[in-house]
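Peer 1: The following file, input00.cif, comprises mmCIF, C-alpha atoms and all ligand atoms:
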data_target
#
loop_
_atom_site.label_atom_id
_atom_site.label_comp_id
_atom_site.auth_asym_id
_atom_site.auth_seq_id
_atom_site.Cartn_x
_atom_site.Cartn_y
_atom_site.Cartn_z
CA MET A 1 -28.91 29.75 34.34
CA GLY A 2 -25.26 30.67 34.60
CA LYS A 3 -23.89 33.66 36.42
CA ASP A 4 -21.77 35.75 34.10
CA VAL A 5 -19.98 39.05 33.69
CA ILE A 6 -21.17 41.05 30.66
CA ILE A 7 -18.81 43.73 29.35
CA ALA A 8 -20.60 46.90 28.18
CA CYS A 9 -18.85 47.68 24.89
CA ASP A 10 -19.81 51.34 24.89
CA PHE A 11 -17.58 52.25 21.95
CA ALA A 12 -18.45 54.56 19.06
CA SER A 13 -17.10 52.39 16.24
CA ALA A 14 -16.34 48.84 15.16
CA LYS A 15 -12.64 49.73 15.00
CA GLN A 16 -12.48 50.70 18.68
CA THR A 17 -14.56 47.68 19.64
CA PHE A 18 -12.32 45.21 17.84
CA GLU A 19 -9.17 46.85 19.21
CA PHE A 20 -10.63 46.23 22.64
CA LEU A 21 -11.84 42.66 21.97
CA ASP A 22 -8.50 41.71 20.36
CA LYS A 23 -6.95 41.95 23.82
CA PHE A 24 -8.94 38.88 24.86
CA THR A 25 -6.97 36.04 23.33
CA GLY A 26 -8.07 33.20 25.61
CA VAL A 27 -11.57 33.77 26.97
CA LYS A 28 -14.44 35.18 24.92
CA PRO A 29 -16.44 37.38 27.29
CA PHE A 30 -20.19 37.95 27.05
CA VAL A 31 -20.54 41.49 25.62
CA LYS A 32 -23.27 44.12 25.60
CA ILE A 33 -23.82 46.12 22.43
CA GLY A 34 -25.85 49.27 22.93
CA MET A 35 -27.63 51.76 20.72
CA GLU A 36 -24.60 53.91 19.95
CA LEU A 37 -22.52 51.12 18.44
CA PHE A 38 -25.49 49.40 16.78
CA TYR A 39 -26.72 52.58 15.12
CA ALA A 40 -23.19 53.49 14.03
CA GLU A 41 -22.28 50.13 12.54
CA GLY A 42 -25.56 48.32 11.89
CA PRO A 43 -26.32 44.61 12.26
CA SER A 44 -22.93 43.58 10.82
CA ILE A 45 -21.29 44.48 14.13
CA VAL A 46 -23.46 41.87 15.84
CA ARG A 47 -22.61 39.21 13.24
CA GLU A 48 -18.90 39.95 13.45
CA ILE A 49 -18.73 39.81 17.23
CA LYS A 50 -20.82 36.65 17.24
CA ALA A 51 -18.51 35.07 14.64
CA ARG A 52 -15.60 35.73 17.00
CA GLY A 53 -17.30 33.50 19.53
CA HIS A 54 -18.79 36.00 22.00
CA LYS A 55 -22.24 35.84 23.53
CA ILE A 56 -24.16 39.06 22.89
CA PHE A 57 -26.63 41.09 24.91
CA LEU A 58 -28.17 43.53 22.40
CA ASP A 59 -29.36 46.47 24.48
CA LEU A 60 -31.79 48.34 22.22
CA LYS A 61 -34.68 48.76 24.71
CA LEU A 62 -37.57 48.36 22.27
CA HIS A 63 -40.85 50.20 22.98
CA ASP A 64 -43.52 50.47 20.25
CA ILE A 65 -46.87 48.95 19.32
CA PRO A 66 -46.95 45.16 19.82
CA ASN A 67 -46.94 44.31 16.11
CA THR A 68 -43.88 46.45 15.38
CA VAL A 69 -42.00 45.08 18.38
CA LYS A 70 -42.88 41.49 17.41
CA LYS A 71 -41.51 41.92 13.89
CA SER A 72 -38.41 43.76 15.07
CA MET A 73 -37.70 41.06 17.66
CA ALA A 74 -37.90 38.43 14.92
CA VAL A 75 -35.12 40.30 13.09
CA LEU A 76 -32.96 40.46 16.24
CA SER A 77 -33.55 36.77 16.87
CA ARG A 78 -32.23 35.95 13.39
CA LEU A 79 -29.08 37.89 14.29
CA ASP A 80 -28.54 35.12 16.83
CA VAL A 81 -28.12 37.37 19.86
CA ASP A 82 -28.18 35.66 23.27
CA MET A 83 -30.07 38.32 25.21
CA THR A 84 -32.05 41.43 24.31
CA ASN A 85 -34.43 43.83 26.02
CA LEU A 86 -37.44 46.15 25.91
CA HIS A 87 -39.28 48.66 28.08
CA ALA A 88 -41.86 47.09 30.38
CA ALA A 89 -43.77 50.38 30.00
CA GLY A 90 -44.83 49.07 26.57
CA THR A 91 -47.41 46.89 28.42
CA VAL A 92 -47.88 43.16 28.96
CA ASN A 93 -49.31 42.75 25.47
CA MET A 94 -46.24 44.32 23.91
CA MET A 95 -43.97 42.04 25.95
CA LYS A 96 -45.97 38.95 24.92
CA ALA A 97 -45.74 40.00 21.27
CA ALA A 98 -41.98 40.50 21.67
CA LEU A 99 -41.59 36.94 22.95
CA GLU A 100 -43.58 35.58 20.02
CA GLY A 101 -41.38 37.48 17.60
CA LEU A 102 -38.20 36.29 19.28
CA THR A 103 -39.13 32.61 19.27
CA ARG A 104 -37.48 30.77 16.38
CA GLU A 105 -39.07 27.97 14.39
CA ASP A 106 -37.19 25.37 16.45
CA GLY A 107 -38.61 26.84 19.67
CA THR A 108 -35.34 28.43 20.84
CA ARG A 109 -35.03 32.16 21.51
CA PRO A 110 -32.68 34.73 23.05
CA MET A 111 -33.30 35.66 26.68
CA LEU A 112 -35.64 38.63 26.98
CA ILE A 113 -35.16 41.13 29.78
CA ALA A 114 -37.28 44.16 30.68
CA VAL A 115 -36.20 47.64 31.68
CA THR A 116 -38.56 48.82 34.46
CA GLN A 117 -37.93 52.48 35.21
CA LEU A 118 -34.65 53.88 33.93
CA THR A 119 -32.29 54.86 36.72
CA SER A 120 -32.22 58.33 35.19
CA THR A 121 -35.92 58.66 36.12
CA ASP A 122 -36.47 59.64 39.74
CA GLN A 123 -39.60 59.95 41.86
CA GLN A 124 -39.98 63.63 40.99
CA SER A 125 -39.67 63.29 37.21
CA MET A 126 -41.89 60.21 37.22
CA GLU A 127 -44.65 62.16 38.97
CA LYS A 128 -44.17 65.42 37.10
CA ASP A 129 -43.53 64.14 33.56
CA LEU A 130 -45.19 60.73 33.50
CA TRP A 131 -48.03 61.40 35.96
CA ILE A 132 -47.27 58.19 37.82
CA GLU A 133 -48.04 58.93 41.45
CA LYS A 134 -46.80 55.83 43.24
CA PRO A 135 -43.54 55.19 45.08
CA ILE A 136 -40.91 54.40 42.43
CA ASP A 137 -39.86 51.13 44.18
CA GLU A 138 -43.44 49.89 43.85
CA VAL A 139 -43.57 50.92 40.20
CA VAL A 140 -40.34 48.99 39.53
CA MET A 141 -41.74 45.87 41.24
CA HIS A 142 -45.06 46.18 39.40
CA TYR A 143 -43.30 46.43 36.04
CA ALA A 144 -41.11 43.45 36.98
CA ALA A 145 -44.24 41.46 37.89
CA ASN A 146 -45.75 42.40 34.52
CA ALA A 147 -42.61 41.16 32.78
CA LYS A 148 -42.93 37.83 34.63
CA LEU A 149 -46.63 37.65 33.73
CA ALA A 150 -45.79 38.16 30.07
CA GLY A 151 -43.28 35.28 30.24
CA LEU A 152 -40.03 37.27 30.14
CA ASP A 153 -36.84 35.95 31.71
CA GLY A 154 -35.98 38.86 33.97
CA VAL A 155 -35.26 42.55 34.42
CA VAL A 156 -32.43 45.01 34.31
CA CYS A 157 -32.14 46.56 37.77
CA SER A 158 -29.68 48.01 40.23
CA PRO A 159 -27.79 45.35 42.21
CA LEU A 160 -29.46 46.89 45.25
CA GLU A 161 -32.87 45.83 43.87
CA SER A 162 -31.84 42.28 42.91
CA GLY A 163 -32.65 40.71 46.25
CA LYS A 164 -36.10 42.27 46.39
CA VAL A 165 -36.92 41.27 42.79
CA HIS A 166 -35.97 37.65 43.55
CA GLU A 167 -37.95 37.70 46.78
CA ARG A 168 -41.08 39.11 45.15
CA ILE A 169 -40.99 37.57 41.68
CA GLY A 170 -38.98 34.37 42.17
CA HIS A 171 -35.41 33.15 42.20
CA ASP A 172 -35.58 31.86 38.63
CA PHE A 173 -36.40 35.40 37.42
CA VAL A 174 -33.10 36.79 36.22
CA THR A 175 -31.63 40.10 37.40
CA VAL A 176 -29.12 41.83 35.14
CA THR A 177 -27.37 44.56 37.05
CA PRO A 178 -25.20 47.49 35.98
CA GLY A 179 -23.66 49.96 38.45
CA VAL A 180 -20.77 47.68 39.42
CA ARG A 181 -17.46 49.07 40.65
CA PHE A 182 -14.35 47.62 42.28
CA ALA A 183 -13.95 48.53 45.94
CA ASP A 184 -10.80 50.51 45.09
CA GLY A 185 -12.05 51.93 41.76
CA ASP A 186 -13.59 55.15 40.42
CA VAL A 187 -17.37 55.45 40.80
CA GLY A 188 -17.66 57.89 37.86
CA ASP A 189 -21.25 59.01 37.17
CA GLN A 190 -22.88 55.96 38.79
CA LYS A 191 -24.64 56.87 42.01
CA ARG A 192 -25.59 53.60 43.65
CA VAL A 193 -22.86 51.03 43.14
CA MET A 194 -21.79 47.62 44.36
CA THR A 195 -18.65 45.55 43.99
CA PRO A 196 -18.84 42.32 41.95
CA ALA A 197 -18.52 40.35 45.20
CA GLN A 198 -21.44 42.24 46.77
CA ALA A 199 -23.53 41.75 43.63
CA LYS A 200 -22.86 38.00 43.90
CA GLU A 201 -23.76 38.02 47.58
CA ILE A 202 -27.07 39.75 46.93
CA GLY A 203 -27.96 37.33 44.14
CA SER A 204 -27.50 39.20 40.83
CA ASP A 205 -27.47 36.74 37.94
CA TYR A 206 -25.51 38.85 35.47
CA ILE A 207 -23.47 41.98 36.08
CA VAL A 208 -22.96 44.52 33.29
CA VAL A 209 -19.58 46.18 33.68
CA GLY A 210 -18.34 48.95 31.41
CA ARG A 211 -15.63 51.42 32.35
CA PRO A 212 -14.07 49.43 35.22
CA ILE A 213 -13.01 47.02 32.44
CA THR A 214 -12.96 49.10 29.22
CA ALA A 215 -11.02 52.00 30.77
CA ALA A 216 -8.66 49.83 32.85
CA ALA A 217 -4.93 49.87 32.14
CA ASP A 218 -5.20 46.08 31.77
CA PRO A 219 -8.78 45.25 30.66
CA VAL A 220 -8.20 41.50 30.60
CA ALA A 221 -6.94 41.52 34.20
CA ALA A 222 -9.91 43.72 35.22
CA TYR A 223 -12.33 41.30 33.52
CA GLU A 224 -10.68 38.32 35.20
CA ARG A 225 -10.93 40.07 38.55
CA CYS A 226 -14.68 40.59 37.97
CA VAL A 227 -15.11 36.92 37.12
CA ARG A 228 -13.13 35.85 40.20
CA GLU A 229 -15.21 38.07 42.48
CA PHE A 230 -18.61 37.42 40.87
CA VAL A 231 -18.62 33.93 39.35
CA ASP A 232 -15.95 31.73 40.93
O1 LIG A 301 -19.26 52.07 32.49
P1 LIG A 301 -20.35 51.50 33.35
O2 LIG A 301 -19.90 50.27 34.14
O3 LIG A 301 -21.00 52.54 34.22
O4 LIG A 301 -21.42 50.98 32.30
C1 LIG A 301 -22.65 50.46 32.70
C2 LIG A 301 -23.47 50.07 31.50
O5 LIG A 301 -24.76 49.71 31.92
C3 LIG A 301 -23.65 51.17 30.45
O6 LIG A 301 -23.75 50.55 29.18
C4 LIG A 301 -24.96 51.80 30.86
O7 LIG A 301 -25.63 52.40 29.78
C5 LIG A 301 -25.73 50.58 31.36
N1 LIG A 301 -26.82 50.88 32.29
C6 LIG A 301 -26.63 51.56 33.48
N2 LIG A 301 -27.69 51.80 34.30
C7 LIG A 301 -28.92 51.39 33.97
C8 LIG A 301 -29.13 50.70 32.77
C9 LIG A 301 -28.04 50.47 31.94
O8 LIG A 301 -25.51 51.92 33.81
N3 LIG A 301 -29.91 51.58 34.81
#
What does the file become when written as structure tokens?
Peer 2:
Amino acid sequence: MGKDVIIACDFASAKQTFEFLDKFTGVKPFVKIGMELFYAEGPSIVREIKARGHKIFLDLKLHDIPNTVKKSMAVLSRLDVDMTNLHAAGTVNMMKAALEGLTREDGTRPMLIAVTQLTSTDQQSMEKDLWIEKPIDEVVMHYAANAKLAGLDGVVCSPLESGKVHERIGHDFVTVTPGVRFADGDVGDQKRVMTPAQAKEIGSDYIVVGRPITAAADPVAAYERCVREFVD
């Protein structure tokens, strides 16, 4: 499994996205397409970006009954994405169904990654709203273990959790980590951040980087810096 930098293309339209991607004339970075862009532009945005030669992480975080998730995953698989995700809270059965749906006739499938607890959920809201009365770190590890049990490839987690996930679940279980910032860059609204070099050190497999690249004066140079620090 290759370490890679995934650019979060958090744009509102295809036009903005292509203006951004047009800057990359040599390399074709791995890109993340989220709900905003997908719901605005539909599946054609995935096909178009794929046709330009990019790998795609489709970040739609599915969570529904197993049968619905299975059928929806089959549709995403036909879009030829390279990685997609779901909420581990949907249960082991839902995750198993998702994998079945994703698997193509020839046995290939996109990587499937689980979201454990969203970073916007804290201990207090988890207890008060969800009635889960366990330490949040344990809940995250339990959900990650469920994802492994179901046969998934890994989890989305903070770079700070990567080491622990690998230790507990295994080094072949992939960690995809957002919350990455350059040492001399703006933190923005991210609370717990790491540099690409630190994320590499701690063992993240993929880093998801948005604004440090998309809002940079020179996005290509910022991307190349991420690759130098994280991959090379
Ligand atoms: O711009 P920035 O680098 O903060 O973007 C990070 C990306 O990772 C965004 O697309 C954000 O939605 C996503 N993400 C995150 N934290 C999580 C899960 C996803 O920042 N826990």
Peer 1: Separation of atom CA of Phe30 of chain A and atom CA of Lys55 of chain A, in Å?
Peer 2: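 If I compute the distance from atom CA of Phe30 of chain A to atom CA of Lys55 of chain A, I get 4.6 Å.
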Peer 1: For ligand LIG 301 (chain A), collect every residue having any atom at a distance of at most 9 Å from a ligand atom (counting all atoms listed in the file); output as a PyMOL selection string.
Peer 2: chain A and resi 7-10+32-34+59+115+117-120+156-158+177-181+187-190+207-215
Peer 1: Please compute the atom CA of Asp153 of chain A-atom CA of Ala222 of chain A distance, one decimal, in Å.
Peer 2: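 These two atoms are separated by 28.2 Å.
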Peer 1: How many Å separate atom CA of Met94 of chain A from atom CA of Thr108 of chain A?
Peer 2: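 These two atoms are separated by 19.5 Å.
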Peer 1: Show which residues sit within 10 Å of Glu100 of chain A, as a PyMOL selection string. Count all atoms listed in the file, and ignore same-chain residues fewer than 4 positions away.
Peer 2: chain A and resi 69-71+73-74+94-96+104+109
Peer 1: Restrict the calculation to all atoms listed in the file, then for each residue of segment 177-232 of chain A with any atom at most 10 Å from an atom of segment 22-28 of chain A give the closest atom pair and their distance in Å to one decimal, rows by chain and rising residue number, as a tab-separated table.
Peer 2:
residue	atom	partner	partner_atom	distance
A:Asp218	CA	A:Lys23	CA	9.1
A:Pro219	CA	A:Lys23	CA	7.8
A:Val220	CA	A:Phe24	CA	6.4
A:Ala221	CA	A:Phe24	CA	9.9
A:Tyr223	CA	A:Phe24	CA	9.6
A:Glu224	CA	A:Val27	CA	9.4
Peer 1: Restricting the calculation to all atoms listed in the file: of A:Ala150, A:Ile132, A:Leu37, A:Val174, which residue gets closest to Met111 of chain A?
Peer 2: A:Val174
Peer 1: Write out as a PyMOL selection string each polymer residue whose atoms come within 9 Å of segment 167-169 of chain A, counting only C-alpha atoms; drop sequence neighbours fewer than 4 positions from it.
Peer 2: chain A and resi 141+144-145+148+162-163+173
Peer 1: My list of candidates is A:Gln123, A:Cys226, A:Ala183, A:Leu102. Which is closest to Ser72 of chain A when distances are computed with only C-alpha atoms?
Peer 2: A:Leu102
Peer 1: Nearest to Ile49 of chain A: which of A:Ile65, A:Ala217, A:Leu152, A:Val31 is it, counting only C-alpha atoms?
Peer 2: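 So, comparing all the options, the nearest one is A:Val31.
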Peer 1: List the residues sitting within 9 Å of (-27.0, 47.0, 46.9) in the file's frame, using only C-alpha atoms, as a PyMOL selection string.
Peer 2: chain A and resi 158-163+192-195+198-199+202
Peer 1: Segment 31-46 of chain A, all listed atoms, 8 Å padding on each side: what axis-aligned box centre and edge lengths in Å to one decimal come out, as JSON?
Peer 2:
{"center_x": -24.1, "center_y": 47.7, "center_z": 18.2, "size_x": 23.1, "size_y": 28.4, "size_z": 30.8}
Peer 1: Of the candidates A:Asp106, A:Asn146, A:Ala12, A:Lys134, which one gets nearest to His87 of chain A if we count all atoms listed in the file?
Peer 2: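 Looking at the shortest contact to His87 of chain A, the residue is A:Asn146.
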Peer 1: Let me make sure I understand: among A:Asp80, A:Asp4, A:Glu41, A:Asp129, which one has the smallest atom-to-atom distance to Pro29 of chain A if we use all atoms listed in the file?
Peer 2: A:Asp4
Peer 1: Rank nothing, just name the residue among A:Val81, A:Gln16, A:Val155, A:Phe38 nearest to Gly170 of chain A, using all atoms listed in the file.
Peer 2: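 Comparing A:Val81, A:Gln16, A:Val155, A:Phe38 against Gly170 of chain A, the winner is A:Val155.
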